[in-house]
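Trainee: Just dropping this structure here.
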Amino acid sequence: MLFHVRMDVSLPHDMDPNDRAELVRAEKERELELQKLGVWPHLWRVVGQYSDIGIFDVPSNDELHAFLSSLPLWEYMRVQVAPLATHPSDLDAQP
């Protein structure tokens with residue numbers, strides 16, 4: 001199943017800079033790991049915001065939740081998820 005996921009991150013302004021740097025480093029490491037596994041085939045930054053748009057390819061809602069909640073920045077995220085289906089006018093869907 002494909003999912004469109006928007007993640008808006010809001011870190012506390014008074015967070016220790018070293019803690020922030022470690023969280024961001026760990027987040028990047030986990031994001032790269034999920035991409036290499038094929039779970040997160042597309043990832044984009046939203047211009048001018050601390051937000052990402054990703055396409056996840058996982059078998060179920062529960063697995064998507066498990067992957068998202070494994071992200072180090074999870075507790076600082078607002079997440080919006082939309083399941084995706086093939087559009088009948090998509091060139092790749094044409095016979």
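For the structure tokens, the naming scheme is as follows: chains receive sequential letters (A, B, ...) according to their order of presentation, residues are indexed from 1 within each chain, and ligands are indexed from 1 in presentation order.
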Pull the closest atom pair for each residue of stretch 28-48 of chain A that gets at most 10 Å from stretch 60-71 of chain A, along with the distance in Å to one decimal, counting only C-alpha atoms, ordering rows by chain and then ascending residue number, as a Markdown table.

Mentor:
```
| residue | atom | partner | partner_atom | distance |
| --- | --- | --- | --- | --- |
| A:Lys28 | CA | A:Leu71 | CA | 9.1 |
| A:Glu29 | CA | A:Leu71 | CA | 9.5 |
| A:Arg30 | CA | A:Leu71 | CA | 6.5 |
| A:Glu31 | CA | A:Leu71 | CA | 7.6 |
| A:Leu34 | CA | A:Phe67 | CA | 8.1 |
| A:Val39 | CA | A:Phe67 | CA | 8.5 |
| A:Trp40 | CA | A:Phe67 | CA | 9.5 |
```

Trainee: Would you give me, as a compact mmCIF listing (two decimals) with N, CA and C atoms, in the first residue's frame, the residues in chain A that DSSP reads as helix (DSSP H, G or I)?

Mentor:
```txt
# COMPACT_ATOMS: atom_id res chain seq x y z
N PRO A 17 21.28 22.78 22.14
CA PRO A 17 21.78 22.62 20.77
C PRO A 17 22.44 21.27 20.50
N ASN A 18 23.11 20.71 21.50
CA ASN A 18 23.74 19.40 21.31
C ASN A 18 22.68 18.30 21.20
N ASP A 19 21.63 18.40 22.02
CA ASP A 19 20.54 17.43 21.95
C ASP A 19 19.84 17.52 20.59
N ARG A 20 19.63 18.76 20.13
CA ARG A 20 18.99 18.98 18.82
C ARG A 20 19.84 18.36 17.71
N ALA A 21 21.14 18.62 17.73
CA ALA A 21 22.04 18.09 16.70
C ALA A 21 22.02 16.56 16.70
N GLU A 22 22.01 15.95 17.89
CA GLU A 22 21.98 14.49 17.98
C GLU A 22 20.66 13.93 17.45
N LEU A 23 19.55 14.57 17.77
CA LEU A 23 18.24 14.13 17.26
C LEU A 23 18.20 14.21 15.74
N VAL A 24 18.67 15.31 15.18
CA VAL A 24 18.66 15.50 13.73
C VAL A 24 19.57 14.47 13.06
N ARG A 25 20.73 14.19 13.66
CA ARG A 25 21.63 13.18 13.11
C ARG A 25 20.97 11.80 13.13
N ALA A 26 20.35 11.44 14.25
CA ALA A 26 19.69 10.14 14.38
C ALA A 26 18.51 10.04 13.41
N GLU A 27 17.79 11.13 13.23
CA GLU A 27 16.66 11.14 12.29
C GLU A 27 17.14 10.86 10.87
N LYS A 28 18.20 11.54 10.46
CA LYS A 28 18.74 11.32 9.11
C LYS A 28 19.16 9.87 8.92
N GLU A 29 19.82 9.31 9.93
CA GLU A 29 20.26 7.91 9.87
C GLU A 29 19.06 6.97 9.68
N ARG A 30 18.00 7.19 10.44
CA ARG A 30 16.81 6.33 10.35
C ARG A 30 16.10 6.53 9.01
N GLU A 31 16.02 7.77 8.54
CA GLU A 31 15.40 8.03 7.24
C GLU A 31 16.15 7.31 6.11
N LEU A 32 17.47 7.37 6.14
CA LEU A 32 18.27 6.68 5.12
C LEU A 32 18.07 5.17 5.20
N GLU A 33 18.00 4.64 6.42
CA GLU A 33 17.78 3.20 6.62
C GLU A 33 16.44 2.78 6.00
N LEU A 34 15.37 3.53 6.26
CA LEU A 34 14.05 3.19 5.73
C LEU A 34 14.01 3.32 4.20
N GLN A 35 14.75 4.29 3.67
CA GLN A 35 14.81 4.41 2.21
C GLN A 35 15.54 3.21 1.59
N LYS A 36 16.63 2.80 2.20
CA LYS A 36 17.38 1.64 1.70
C LYS A 36 16.56 0.36 1.77
N ASN A 61 -1.60 -0.26 7.55
CA ASN A 61 -1.62 0.93 8.40
C ASN A 61 -0.75 0.73 9.64
N ASP A 62 -0.85 -0.45 10.23
CA ASP A 62 -0.09 -0.72 11.44
C ASP A 62 1.42 -0.65 11.20
N GLU A 63 1.87 -1.18 10.05
CA GLU A 63 3.31 -1.12 9.75
C GLU A 63 3.74 0.31 9.49
N LEU A 64 2.90 1.09 8.81
CA LEU A 64 3.23 2.50 8.60
C LEU A 64 3.40 3.19 9.95
N HIS A 65 2.46 2.97 10.86
CA HIS A 65 2.54 3.59 12.18
C HIS A 65 3.83 3.17 12.90
N ALA A 66 4.19 1.91 12.79
CA ALA A 66 5.41 1.43 13.45
C ALA A 66 6.64 2.13 12.88
N PHE A 67 6.70 2.28 11.55
CA PHE A 67 7.85 2.96 10.95
C PHE A 67 7.88 4.43 11.35
N LEU A 68 6.75 5.11 11.28
CA LEU A 68 6.71 6.53 11.63
C LEU A 68 7.10 6.75 13.09
N SER A 69 6.56 5.93 13.98
CA SER A 69 6.85 6.11 15.40
C SER A 69 8.27 5.69 15.76
N TRP A 74 9.84 11.73 16.14
CA TRP A 74 8.41 11.40 16.21
C TRP A 74 7.66 12.26 17.24
N GLU A 75 8.19 12.39 18.42
CA GLU A 75 7.46 13.12 19.47
C GLU A 75 7.34 14.61 19.18
N TYR A 76 8.09 15.10 18.19
CA TYR A 76 8.04 16.51 17.82
C TYR A 76 7.33 16.74 16.49
N LEU A 91 -0.47 7.38 -16.73
CA LEU A 91 0.13 6.71 -17.89
C LEU A 91 0.59 5.29 -17.56
N ASP A 92 1.12 5.10 -16.37
CA ASP A 92 1.61 3.78 -15.98
C ASP A 92 0.48 2.78 -15.78
N ALA A 93 -0.75 3.27 -15.61
CA ALA A 93 -1.90 2.39 -15.39
C ALA A 93 -2.59 2.00 -16.71
```

Trainee: Using only C-alpha atoms, which of A:Gly54, A:Phe3, A:Gly38, A:Arg45 sits nearest A:Ala82?

Mentor: A:Phe3

Trainee: Which value, in Å to one decimal, gives the distance between atom CA of A:Val47 and atom CA of A:Leu84?

Mentor: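 Separation between atom CA of A:Val47 and atom CA of A:Leu84: 22.9 Å.
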
Trainee: Can you check which residues of chain A DSSP gives as strand (DSSP E) on the backbone and send them as JSON, numbers by chain?

Mentor: {"A": [2, 3, 4, 5, 6, 7, 8, 9, 42, 43, 44, 45, 51, 52, 53, 54, 55, 56, 57, 77, 78, 79, 80, 81, 82, 83, 84]}

Trainee: Atom CA of A:Gly48 and atom CA of A:Ser10 are how many Å apart?

Mentor: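 So the two atoms, atom CA of A:Gly48 and atom CA of A:Ser10, lie 13.6 Å apart.
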
Trainee: What is the atom CA of A:His42-atom CA of A:Pro95 distance in Å, reported with one decimal?

Mentor: 25.1 Å
